[in-house]
$ cat query.txt   # compact mmCIF, C-alpha atoms
# COMPACT_ATOMS: atom_id res chain seq x y z
CA MET A 1113 0.05 31.18 21.35
CA ARG A 1114 1.54 29.08 24.15
CA ARG A 1115 -1.04 30.47 26.57
CA HIS A 1116 -3.92 29.52 24.29
CA THR A 1117 -2.33 26.14 23.55
CA ARG A 1118 -2.09 25.34 27.25
CA ARG A 1119 -5.70 26.34 27.94
CA ILE A 1120 -7.15 24.45 25.00
CA TYR A 1121 -5.00 21.41 25.77
CA ASN A 1122 -6.28 21.41 29.35
CA ILE A 1123 -9.91 21.59 28.25
CA CYS A 1124 -9.37 18.72 25.81
CA TYR A 1125 -7.49 16.62 28.35
CA ARG A 1126 -10.02 17.19 31.10
CA PHE A 1127 -12.83 16.25 28.73
CA THR A 1128 -11.25 13.18 27.12
CA GLY A 1129 -8.96 11.98 29.93
CA ASN A 1130 -6.44 10.86 27.32
CA ARG A 1131 -3.17 12.62 26.46
CA THR A 1132 -2.98 11.48 22.85
CA GLU A 1133 -6.54 12.39 22.07
CA ALA A 1134 -6.06 15.75 23.80
CA GLU A 1135 -3.00 16.51 21.65
CA ASP A 1136 -4.75 15.53 18.43
CA LEU A 1137 -7.85 17.51 19.32
CA SER A 1138 -5.77 20.57 20.26
CA GLN A 1139 -4.13 20.51 16.85
CA ASP A 1140 -7.54 20.17 15.19
CA VAL A 1141 -8.82 23.15 17.17
CA PHE A 1142 -5.99 25.39 16.00
CA LEU A 1143 -6.37 24.15 12.46
CA ARG A 1144 -10.07 24.96 12.54
CA VAL A 1145 -9.37 28.38 14.09
CA TYR A 1146 -6.71 29.09 11.45
CA ARG A 1147 -9.03 28.16 8.59
CA THR A 1148 -12.08 30.01 9.90
CA LEU A 1149 -10.29 33.08 11.25
CA GLY A 1150 -12.01 35.17 8.63
CA SER A 1151 -15.41 34.36 10.10
CA TYR A 1152 -14.47 35.57 13.59
CA ARG A 1153 -16.33 38.63 14.70
CA SER A 1154 -15.82 40.52 17.92
CA ALA A 1155 -19.59 40.37 18.43
CA HIS A 1156 -19.09 36.67 19.18
CA GLY A 1157 -17.07 37.61 22.24
CA GLY A 1158 -13.33 37.69 22.84
CA PHE A 1159 -10.96 35.54 20.82
CA ALA A 1160 -10.43 33.22 23.78
CA THR A 1161 -14.17 32.66 24.10
CA TRP A 1162 -14.48 31.99 20.37
CA ALA A 1163 -11.56 29.52 20.48
CA THR A 1164 -13.20 27.81 23.47
CA SER A 1165 -16.42 27.46 21.47
CA VAL A 1166 -14.51 25.83 18.62
CA THR A 1167 -12.87 23.51 21.14
CA ARG A 1168 -16.15 22.55 22.70
CA ASN A 1169 -17.76 21.81 19.32
CA LEU A 1170 -14.86 19.58 18.28
CA LEU A 1171 -14.97 17.77 21.62
CA ILE A 1172 -18.67 17.01 21.26
CA ASP A 1173 -18.13 15.82 17.67
CA HIS A 1174 -15.29 13.61 18.83
CA TYR A 1175 -17.38 12.26 21.68
CA ARG A 1176 -20.23 11.32 19.34
CA ARG A 1177 -17.83 9.72 16.85
CA THR A 1178 -16.17 7.58 19.48
CA LYS A 1179 -19.26 6.79 21.55
CA ARG A 1180 -19.60 3.38 19.96
CA ASP A 1181 -16.03 2.46 20.90
CA ARG A 1182 -16.42 3.29 24.57
CA ILE A 1183 -17.67 1.15 27.43
CA THR A 1184 -21.16 2.31 28.44
CA ASP A 1185 -21.67 4.44 31.52
CA SER A 1186 -23.58 1.66 33.28
CA LEU A 1187 -20.56 -0.63 33.04
CA ASP A 1188 -18.22 2.19 34.09
CA ASP A 1189 -20.15 2.56 37.34
CA LYS A 1190 -19.40 -1.02 38.26
CA MET A 1191 -15.66 -0.82 37.58
CA PRO A 1192 -13.47 -0.49 40.68
CA VAL A 1193 -11.23 2.51 41.03
CA VAL A 1194 -7.94 0.77 40.22
CA GLU A 1195 -9.17 -0.63 36.91
CA ASN A 1196 -10.68 2.72 36.03
CA LYS A 1197 -7.31 4.43 36.49
CA GLU A 1198 -5.58 1.89 34.28
CA ALA A 1199 -8.25 2.27 31.61
CA SER A 1200 -7.50 6.01 31.40
CA GLY A 1201 -4.02 5.18 30.06
CA ARG A 1202 -2.03 7.34 32.49
CA ARG A 1203 1.57 6.47 33.35
CA PRO A 1204 2.61 6.04 36.99
CA ASP A 1205 4.88 9.09 36.88
CA GLU A 1206 2.06 11.16 35.41
CA GLN A 1207 -0.17 9.94 38.23
CA ALA A 1208 2.27 11.17 40.85
CA LEU A 1209 2.53 14.52 39.14
CA LEU A 1210 -1.19 15.05 38.89
CA GLY A 1211 -1.76 14.57 42.54
CA GLU A 1212 -4.05 11.98 43.88
CA LEU A 1213 -7.19 14.07 44.14
CA SER A 1214 -6.67 15.67 40.76
CA ALA A 1215 -6.34 12.23 39.21
CA GLN A 1216 -9.44 11.01 40.97
CA VAL A 1217 -11.41 14.07 39.89
CA GLN A 1218 -10.22 13.47 36.34
CA SER A 1219 -11.33 9.88 36.55
CA ALA A 1220 -14.71 10.91 37.94
CA LEU A 1221 -15.16 13.60 35.26
CA THR A 1222 -15.00 10.99 32.50
CA ARG A 1223 -18.00 9.31 34.10
CA LEU A 1224 -20.19 12.40 33.80
CA SER A 1225 -22.39 12.94 30.78
CA PRO A 1226 -20.80 15.28 28.22
CA GLU A 1227 -23.21 18.16 28.95
CA LEU A 1228 -22.49 18.15 32.68
CA ARG A 1229 -18.79 17.46 32.16
CA GLU A 1230 -18.20 20.46 29.89
CA ALA A 1231 -20.14 22.74 32.23
CA VAL A 1232 -18.08 21.73 35.28
CA ILE A 1233 -14.80 21.93 33.34
CA LEU A 1234 -15.51 25.42 32.04
CA ARG A 1235 -16.75 26.77 35.37
CA ASP A 1236 -14.67 25.08 38.05
CA LEU A 1237 -11.46 24.17 36.20
CA GLN A 1238 -11.20 26.99 33.68
CA GLN A 1239 -12.92 29.61 35.88
CA LEU A 1240 -15.01 31.05 33.07
CA GLU A 1241 -17.87 33.39 33.95
CA TYR A 1242 -21.47 32.34 33.45
CA ALA A 1243 -21.88 34.73 30.54
CA GLU A 1244 -18.84 33.26 28.78
CA ILE A 1245 -20.03 29.72 29.32
CA GLN A 1246 -23.43 30.74 27.99
CA THR A 1247 -21.73 31.98 24.80
CA VAL A 1248 -19.57 28.86 24.46
CA LEU A 1249 -22.38 26.37 25.01
CA ALA A 1250 -25.00 28.48 23.18
CA VAL A 1251 -27.64 27.79 25.83
CA PRO A 1252 -29.52 30.11 28.20
CA GLU A 1253 -27.89 31.13 31.47
CA GLY A 1254 -30.45 29.20 33.50
CA THR A 1255 -29.46 26.02 31.64
CA VAL A 1256 -25.78 26.78 32.32
CA LYS A 1257 -26.38 27.15 36.07
CA SER A 1258 -28.51 24.04 36.16
CA ARG A 1259 -25.89 21.94 34.37
CA ILE A 1260 -23.10 23.24 36.60
CA ASN A 1261 -25.08 22.48 39.73
CA ARG A 1262 -26.06 18.97 38.63
CA GLY A 1263 -22.53 18.30 37.41
CA ARG A 1264 -21.00 19.25 40.76
CA ILE A 1265 -23.43 17.13 42.74
CA GLU A 1266 -23.00 14.18 40.41
CA LEU A 1267 -19.21 14.52 40.57
CA ALA A 1268 -19.26 14.59 44.38
CA ARG A 1269 -21.41 11.44 44.45
CA ILE A 1270 -19.10 9.63 42.02
CA LEU A 1271 -16.09 10.53 44.14
CA GLN A 1272 -17.93 9.31 47.22
CA GLN A 1273 -18.58 5.99 45.47
CA MET A 1274 -14.88 5.81 44.64
CA GLY A 1275 -14.10 6.25 48.31
CA VAL A 1276 -12.56 9.69 47.88
CA ARG A 1277 -13.22 12.45 50.39
CA PRO A 1278 -11.94 15.86 49.30
CA ALA A 1279 -10.15 17.69 52.14
CA MET B 438 -40.44 29.32 52.04
CA THR B 439 -40.10 25.72 53.18
CA TRP B 440 -36.77 24.28 52.13
CA THR B 441 -36.82 20.65 51.06
CA CYS B 442 -33.93 18.40 50.15
CA ASP B 443 -34.77 18.74 46.44
CA LEU B 444 -34.81 22.51 46.72
CA VAL B 445 -31.53 22.53 48.64
CA GLU B 446 -29.97 20.37 45.93
CA ALA B 447 -31.33 22.61 43.17
CA ARG B 448 -30.02 25.82 44.79
CA LEU B 449 -26.77 24.38 46.13
CA SER B 450 -24.52 26.14 43.60
CA ASP B 451 -26.32 29.44 44.20
CA TYR B 452 -25.60 29.05 47.91
CA LEU B 453 -21.93 28.16 47.34
CA GLU B 454 -21.40 31.13 45.04
CA GLY B 455 -23.04 33.57 47.43
CA LEU B 456 -26.12 34.23 45.32
CA LEU B 457 -28.48 33.55 48.23
CA GLN B 458 -28.86 36.56 50.50
CA GLY B 459 -30.37 37.36 53.86
CA PRO B 460 -33.34 35.25 55.04
CA GLU B 461 -33.09 32.90 52.06
CA ARG B 462 -29.53 32.04 52.97
CA ALA B 463 -30.37 31.61 56.64
CA GLU B 464 -33.24 29.25 55.84
CA PHE B 465 -31.03 27.25 53.48
CA GLU B 466 -28.37 26.87 56.16
CA ALA B 467 -30.93 25.97 58.78
CA HIS B 468 -32.20 23.05 56.69
CA ALA B 469 -28.78 21.99 55.37
CA ASN B 470 -27.22 21.88 58.83
CA SER B 471 -30.07 19.88 60.35
CA CYS B 472 -30.78 17.42 57.53
CA VAL B 473 -28.81 14.13 57.64
CA ASP B 474 -28.79 13.88 53.83
CA CYS B 475 -28.18 17.52 52.91
CA ALA B 476 -25.40 18.28 55.41
CA PRO B 477 -22.85 15.81 53.98
CA LEU B 478 -23.87 16.72 50.43
CA VAL B 479 -23.32 20.43 51.00
CA ALA B 480 -20.00 19.76 52.73
CA SER B 481 -18.68 17.43 50.03
CA VAL B 482 -19.71 19.68 47.12
CA ARG B 483 -18.28 22.75 48.86
CA SER B 484 -15.01 20.94 49.45
CA LEU B 485 -14.91 19.57 45.91
CA VAL B 486 -15.51 22.97 44.32
CA GLY B 487 -12.81 24.51 46.50
CA GLU B 488 -10.33 21.81 45.44
CA MET B 489 -11.14 22.17 41.77
CA HIS B 490 -10.68 25.93 41.87
CA VAL B 491 -7.07 25.54 42.99
CA MET B 492 -6.12 22.64 40.75
CA GLU B 493 -3.25 23.50 38.47
CA ASP B 494 -3.39 23.21 34.74
CA PHE B 495 -1.41 20.50 33.00
CA GLU B 496 1.60 21.48 30.98
CA ALA B 497 1.07 21.00 27.28
CA PRO B 498 3.67 18.77 25.62
CA PRO B 499 6.50 20.98 24.31
CA ARG B 500 6.23 19.56 20.82
CA LEU B 501 2.53 20.41 20.60
CA VAL B 502 3.18 24.04 19.67
CA TYR B 503 5.49 22.99 16.84
CA SER B 504 3.00 20.39 15.65
CA ILE B 505 0.31 23.06 15.55
CA LEU B 506 2.58 25.41 13.63
CA ASP B 507 3.42 22.67 11.15
CA LYS B 508 -0.24 21.88 10.62
CA THR B 509 -1.33 25.49 10.21
CA LEU B 510 1.63 27.19 8.54
CA GLY B 511 3.10 24.12 6.92
CA PRO B 512 6.30 22.22 7.74
CA ARG B 513 9.42 24.32 8.05
CA GLU B 514 11.94 23.97 5.24
CA ALA B 515 15.05 22.09 6.12
CA VAL B 516 18.04 24.36 5.59
CA THR B 517 21.34 22.68 4.87
CA GLY B 518 24.90 23.73 4.25
CA TRP B 519 26.39 26.98 5.45
CA GLN B 520 22.98 28.59 5.81
CA GLY B 521 21.86 25.85 8.18
CA PHE B 522 25.07 26.19 10.18
CA LEU B 523 24.65 29.96 10.41
CA ASN B 524 21.02 29.53 11.50
CA ALA B 525 22.11 27.11 14.18
CA ILE B 526 24.80 29.34 15.65
CA ARG B 527 22.59 32.42 15.40
CA GLY B 528 20.84 31.18 18.49
CA LEU B 529 24.16 31.32 20.33
CA ALA B 530 24.75 34.98 19.53
CA THR B 531 23.48 36.21 22.87
CA PRO B 532 25.34 38.18 25.55
CA LYS B 533 24.69 35.46 28.11
CA PHE B 534 26.35 32.84 25.94
CA ALA B 535 29.28 35.16 25.19
CA TYR B 536 29.90 35.84 28.91
CA GLY B 537 29.68 32.14 29.67
CA ALA B 538 32.09 31.24 26.89
CA ALA B 539 34.56 33.94 27.98
CA SER B 540 34.43 32.68 31.60
CA VAL B 541 35.06 29.11 30.47
CA MET B 542 38.03 30.16 28.31
CA ALA B 543 39.55 32.22 31.13
CA THR B 544 39.19 29.32 33.55
CA LEU B 545 40.75 26.99 31.03
CA PHE B 546 43.76 29.26 30.52
CA MET B 547 44.27 29.62 34.26
CA VAL B 548 44.12 25.88 34.79
CA LEU B 549 46.49 25.23 31.91
CA GLY B 550 48.91 27.83 33.23
CA ALA B 551 48.83 26.36 36.71
CA SER B 552 49.41 22.90 35.31
CA GLY B 553 52.60 24.05 33.58
CA PHE B 554 51.30 23.97 30.04
CA SER B 555 53.14 26.56 27.99
CA LEU B 556 51.03 28.26 25.33
CA ARG B 557 54.10 29.52 23.46
CA LYS B 558 55.75 26.14 23.22
CA ALA B 559 52.73 23.91 23.43
CA LYS B 560 53.50 20.24 23.58
CA LEU B 561 50.98 17.45 23.72
CA ALA B 562 53.19 15.63 26.22
CA ASP B 563 52.54 18.45 28.73
CA LEU B 564 48.92 17.36 28.98
CA ARG B 565 49.77 13.89 30.26
CA PRO B 566 48.42 13.35 33.78
CA ALA B 567 51.87 12.36 35.04
CA ALA B 568 53.39 15.58 33.66
CA ILE B 569 50.62 17.70 35.18
CA TYR B 570 51.09 15.99 38.55
CA GLN B 571 54.85 16.48 38.51
CA THR B 572 54.54 20.15 37.62
CA ALA B 573 51.97 20.73 40.31
CA ASP B 574 54.08 18.85 42.86
CA ARG B 575 57.18 20.89 41.97
CA GLY B 576 55.25 24.12 42.22
CA ALA B 577 53.78 23.21 45.57
CA HIS B 578 57.16 22.30 47.04
CA ARG B 579 58.68 25.52 45.71
CA VAL B 580 55.99 27.62 47.31
CA LEU B 581 56.38 25.72 50.59
CA ALA B 582 60.14 26.19 50.61
CA ARG B 583 59.84 29.92 49.99
CA SER B 584 57.26 30.26 52.72
CA VAL B 585 59.44 28.43 55.25
CA LYS B 586 62.47 30.52 54.30
CA TYR B 587 60.49 33.73 54.59
CA VAL B 588 59.26 32.83 58.06
CA SER B 589 62.80 31.85 59.13
CA ASP B 590 64.19 35.12 57.81
CA LEU B 591 61.59 36.99 59.76
CA ARG B 592 62.75 35.23 62.91
CA VAL B 593 66.36 36.22 62.26
CA VAL B 594 65.42 39.83 61.64
CA TYR B 595 63.31 39.89 64.78
CA GLU B 596 66.14 38.50 66.86
CA ILE B 597 68.66 41.01 65.49
CA GLN B 598 66.29 43.90 66.11
CA SER B 599 65.55 42.77 69.62
CA ARG B 600 69.29 42.42 70.37
CA LEU B 601 69.99 45.89 69.04
CA ARG B 602 67.28 47.42 71.17
CA GLN B 603 68.65 45.57 74.15
CA ASP B 604 72.14 46.92 73.47
CA GLU B 605 70.83 50.45 73.12
CA ASN B 606 69.04 50.22 76.40
CA ASN B 607 72.15 48.86 78.10
CA LEU B 608 74.34 51.64 76.73
CA GLN B 609 71.92 54.34 77.74
CA SER B 610 71.80 53.04 81.30
CA THR B 611 75.64 52.68 81.68
CA PRO B 612 77.13 55.51 83.95
CA GLU B 613 79.57 57.92 82.23
CA ASP B 614 82.58 57.14 84.39
CA LEU B 615 82.56 53.50 83.25
CA LEU B 616 82.79 54.48 79.62
CA PRO B 617 86.42 54.41 78.18
CA LYS B 618 88.05 57.82 77.81
CA SER B 619 89.48 59.11 74.50
CA GLY B 620 93.26 58.89 73.70
CA PRO B 621 95.67 61.93 74.05
CA GLU B 622 96.42 62.12 70.28
CA LYS B 623 92.81 62.88 69.50
CA ASN B 624 90.72 65.64 70.69
CA PRO B 625 88.16 64.52 73.18
CA GLY B 626 84.93 63.52 71.51
CA GLN B 627 86.37 63.80 67.99
CA THR B 628 85.57 60.77 65.87
CA ASP B 629 84.25 60.23 62.35
CA ASP B 630 80.62 61.00 61.97
CA HIS B 631 79.96 61.76 65.56
CA LYS B 632 78.16 64.53 67.30
CA PRO B 633 80.45 66.59 69.59
CA SER B 634 77.94 66.49 72.37
CA GLN B 635 78.05 62.67 72.62
CA PRO B 636 80.90 60.42 73.88
CA ARG B 637 82.93 58.54 71.27
CA GLN B 638 81.97 55.05 72.36
CA GLN B 639 78.33 56.02 72.40
CA ASN B 640 78.71 57.33 68.85
CA ARG B 641 80.44 54.12 67.77
CA ALA B 642 77.64 52.09 69.30
CA ASN B 643 75.05 54.23 67.60
CA GLU B 644 76.82 53.86 64.30
CA ALA B 645 77.05 50.08 64.70
CA SER B 646 73.41 49.96 65.68
CA ARG B 647 72.36 51.97 62.63
CA GLN B 648 74.39 49.75 60.32
CA LEU B 649 72.93 46.59 61.82
CA GLU B 650 69.44 47.96 61.51
CA MET B 651 70.03 48.75 57.86
CA LEU B 652 71.37 45.25 57.36
CA ALA B 653 68.34 43.70 59.08
CA ALA B 654 65.94 45.76 57.00
CA ALA B 655 67.68 44.78 53.78
CA TRP B 656 67.99 41.08 54.77
CA PRO B 657 64.70 39.88 53.06
CA LEU B 658 65.70 41.61 49.83
CA LEU B 659 69.16 40.08 49.96
CA SER B 660 67.81 36.61 50.61
CA GLU B 661 65.24 36.91 47.80
CA ARG B 662 67.97 37.98 45.37
CA SER B 663 70.12 35.05 46.39
CA VAL B 664 67.24 32.60 45.72
CA ARG B 665 66.65 34.07 42.24

$ encode --input "query.txt" --output "structure tokens"
Amino acid sequence: MRRHTRRIYNICYRFTGNRTEAEDLSQDVFLRVYRTLGSYRSAHGGFATWATSVTRNLLIDHYRRTKRDRITDSLDDKMPVVENKEASGRRPDEQALLGELSAQVQSALTRLSPELREAVILRDLQQLEYAEIQTVLAVPEGTVKSRINRGRIELARILQQMGVRPA
Amino acid sequence: MTWTCDLVEARLSDYLEGLLQGPERAEFEAHANSCVDCAPLVASVRSLVGEMHVMEDFEAPPRLVYSILDKTLGPREAVTGWQGFLNAIRGLATPKFAYGAASVMATLFMVLGASGFSLRKAKLADLRPAAIYQTADRGAHRVLARSVKYVSDLRVVYEIQSRLRQDENNLQSTPEDLLPKSGPEKNPGQTDDHKPSQPRQQNRANEASRQLEMLAAAWPLLSERSVR
């Protein structure tokens, strides 16, 4: 259970950029999994894939619910890097632990649209295969590849705007 | 196929993941390496993807697992009284804890013994720092005194042994005509505990030497008994 908890927590944190929200969402994921365990079928893929699907659905629901409370993307683009880091709510010691590039990637991820963000997180941070991501997102494989590609390019451009050059 | 910047951007992930083969790959690289816009894009995305693939996961908060268990299985019942106490110490019933506890107790007994604390007649006053210091100081001086005495005794024994060997050597090298002759009332060469083949004085010297050697060998024992 700890292994699944860690993976789901990481997906939630990478998507939301907020520790508290990630914890709450992780609990909701397990609650949903516990309640709907009877509906799980092996035809839907492995248990990990099914749990990732539940996670993704809750993240999208949460994103839509809180969209009104967030600053718009156009304003985010104009915010300098320092203010953006403070807006994410991370503590200084957490910042040191993350590593500078990891923190900057995290900051840049929150600027991506949800569709591109989830694709990049699942492929590049969780190392899921294309087939698994296709099952989780419930879209064709071509759409998965397209979103991953656009997400990577967009992320690299955002990091370039932030003045970050990956090694 | 003519590669344009849009096409390079659209197939960038395919290139990075090795899905482009042969001539297609070569043409992609030819454009990407020569184009001022595509070259930095390809380099930055390649570097970014490489960095993301080795980024470590975050550790979930330790309380998260328990929160999840509480939400799914319900909060755990609080056990009080003896049952709660037994549940608490059940976690300590492991071999590792037992070995650790035994080591700590053994160390404690050794330290208490060295500090002069008597377990048979335990007194709280023995645990005063001044009492511990005095006991340790007394013990240290006692050990020092015994060590010095032992070394001194060794010196004495060494000197006696070296003198005896010297005397033996001198006697063996003395010519026979210089040795005193036996009296008329005794048969020549007849003394107590002597060998007939050896002169009397030589036998007396041997006897004295043997007795001194025995005394030197027994000296440490005698001195130890006198100290006790």

$ closest_atom_pairs --input "query.txt" --of "chain B" --to "chain A" --cutoff "6 Å" --atoms "all atoms listed in the file" --output "Markdown table"
| residue | atom | partner | partner_atom | distance |
| --- | --- | --- | --- | --- |
| B:Ser450 | CA | A:Asn1261 | CA | 5.4 |
| B:Val482 | CA | A:Ala1268 | CA | 5.8 |
| B:Ser484 | CA | A:Pro1278 | CA | 5.9 |
| B:Leu485 | CA | A:Pro1278 | CA | 5.8 |
| B:Met489 | CA | A:Asp1236 | CA | 5.9 |
| B:His490 | CA | A:Asp1236 | CA | 5.6 |
| B:Ala497 | CA | A:Arg1118 | CA | 5.4 |
| B:Ile505 | CA | A:Gln1139 | CA | 5.3 |
| B:Thr509 | CA | A:Leu1143 | CA | 5.7 |

$ atom_distance --input "query.txt" --atom1 "atom CA of B:Asn470" --atom2 "atom CA of B:Cys442"
11.5 Å

$ atom_distance --input "query.txt" --atom1 "atom CA of A:Thr1161" --atom2 "atom CA of A:Pro1252"
16.1 Å

$ axis_aligned_box --input "query.txt" --around "stretch 462-470 of chain B" --padding-each-side "5 Å" --output "lines of an AutoDock Vina configuration file"
center_x = -30.2
center_y = 27.0
center_z = 55.9
size_x = 16.0
size_y = 20.2
size_z = 15.9

$ atom_distance --input "query.txt" --atom1 "atom CA of B:Ser504" --atom2 "atom CA of A:Leu1137"
11.8 Å

$ closest_residue --input "query.txt" --among "A:Ser1165, A:Thr1148, A:Ser1219, A:Thr1178" --to "A:Val1276" --atoms "all atoms listed in the file"
A:Ser1219

$ residues_around --input "query.txt" --residues "B:Leu449" --least-positions-apart "5" --cutoff "12 Å" --atoms "all atoms listed in the file" --output "VMD selection string"
(chain A and resid 1257 to 1258 1260 to 1265) or (chain B and resid 440 to 444 454 to 457 462 465 to 466 468 to 469 475 to 476 478 to 483 486)

$ build_atoms --input "query.txt" --residues "stretch 442-457 of chain B" --atoms "N, CA and C atoms" --output "compact mmCIF listing (two decimals), in the coordinates of the input"
# COMPACT_ATOMS: atom_id res chain seq x y z
N CYS B 442 -35.22 18.92 50.63
CA CYS B 442 -33.93 18.40 50.15
C CYS B 442 -33.76 18.65 48.66
N ASP B 443 -34.85 18.50 47.90
CA ASP B 443 -34.77 18.74 46.44
C ASP B 443 -34.43 20.20 46.16
N LEU B 444 -35.04 21.08 46.94
CA LEU B 444 -34.81 22.51 46.72
C LEU B 444 -33.37 22.89 47.12
N VAL B 445 -32.92 22.29 48.21
CA VAL B 445 -31.53 22.53 48.64
C VAL B 445 -30.57 22.06 47.55
N GLU B 446 -30.85 20.90 46.99
CA GLU B 446 -29.97 20.37 45.93
C GLU B 446 -30.02 21.27 44.69
N ALA B 447 -31.20 21.78 44.37
CA ALA B 447 -31.33 22.61 43.17
C ALA B 447 -30.64 23.96 43.34
N ARG B 448 -30.61 24.48 44.57
CA ARG B 448 -30.02 25.82 44.79
C ARG B 448 -28.64 25.75 45.43
N LEU B 449 -28.06 24.56 45.45
CA LEU B 449 -26.77 24.38 46.13
C LEU B 449 -25.68 25.27 45.54
N SER B 450 -25.56 25.32 44.23
CA SER B 450 -24.52 26.14 43.60
C SER B 450 -24.76 27.63 43.87
N ASP B 451 -26.03 28.04 43.88
CA ASP B 451 -26.32 29.44 44.20
C ASP B 451 -25.84 29.77 45.60
N TYR B 452 -26.04 28.84 46.53
CA TYR B 452 -25.60 29.05 47.91
C TYR B 452 -24.07 29.13 47.97
N LEU B 453 -23.41 28.19 47.28
CA LEU B 453 -21.93 28.16 47.34
C LEU B 453 -21.31 29.39 46.70
N GLU B 454 -21.98 29.97 45.72
CA GLU B 454 -21.40 31.13 45.04
C GLU B 454 -21.92 32.44 45.60
N GLY B 455 -22.62 32.36 46.74
CA GLY B 455 -23.04 33.57 47.43
C GLY B 455 -24.19 34.29 46.77
N LEU B 456 -24.99 33.58 45.99
CA LEU B 456 -26.12 34.23 45.32
C LEU B 456 -27.36 34.26 46.19
N LEU B 457 -27.36 33.50 47.27
CA LEU B 457 -28.48 33.55 48.23
C LEU B 457 -28.14 34.61 49.28
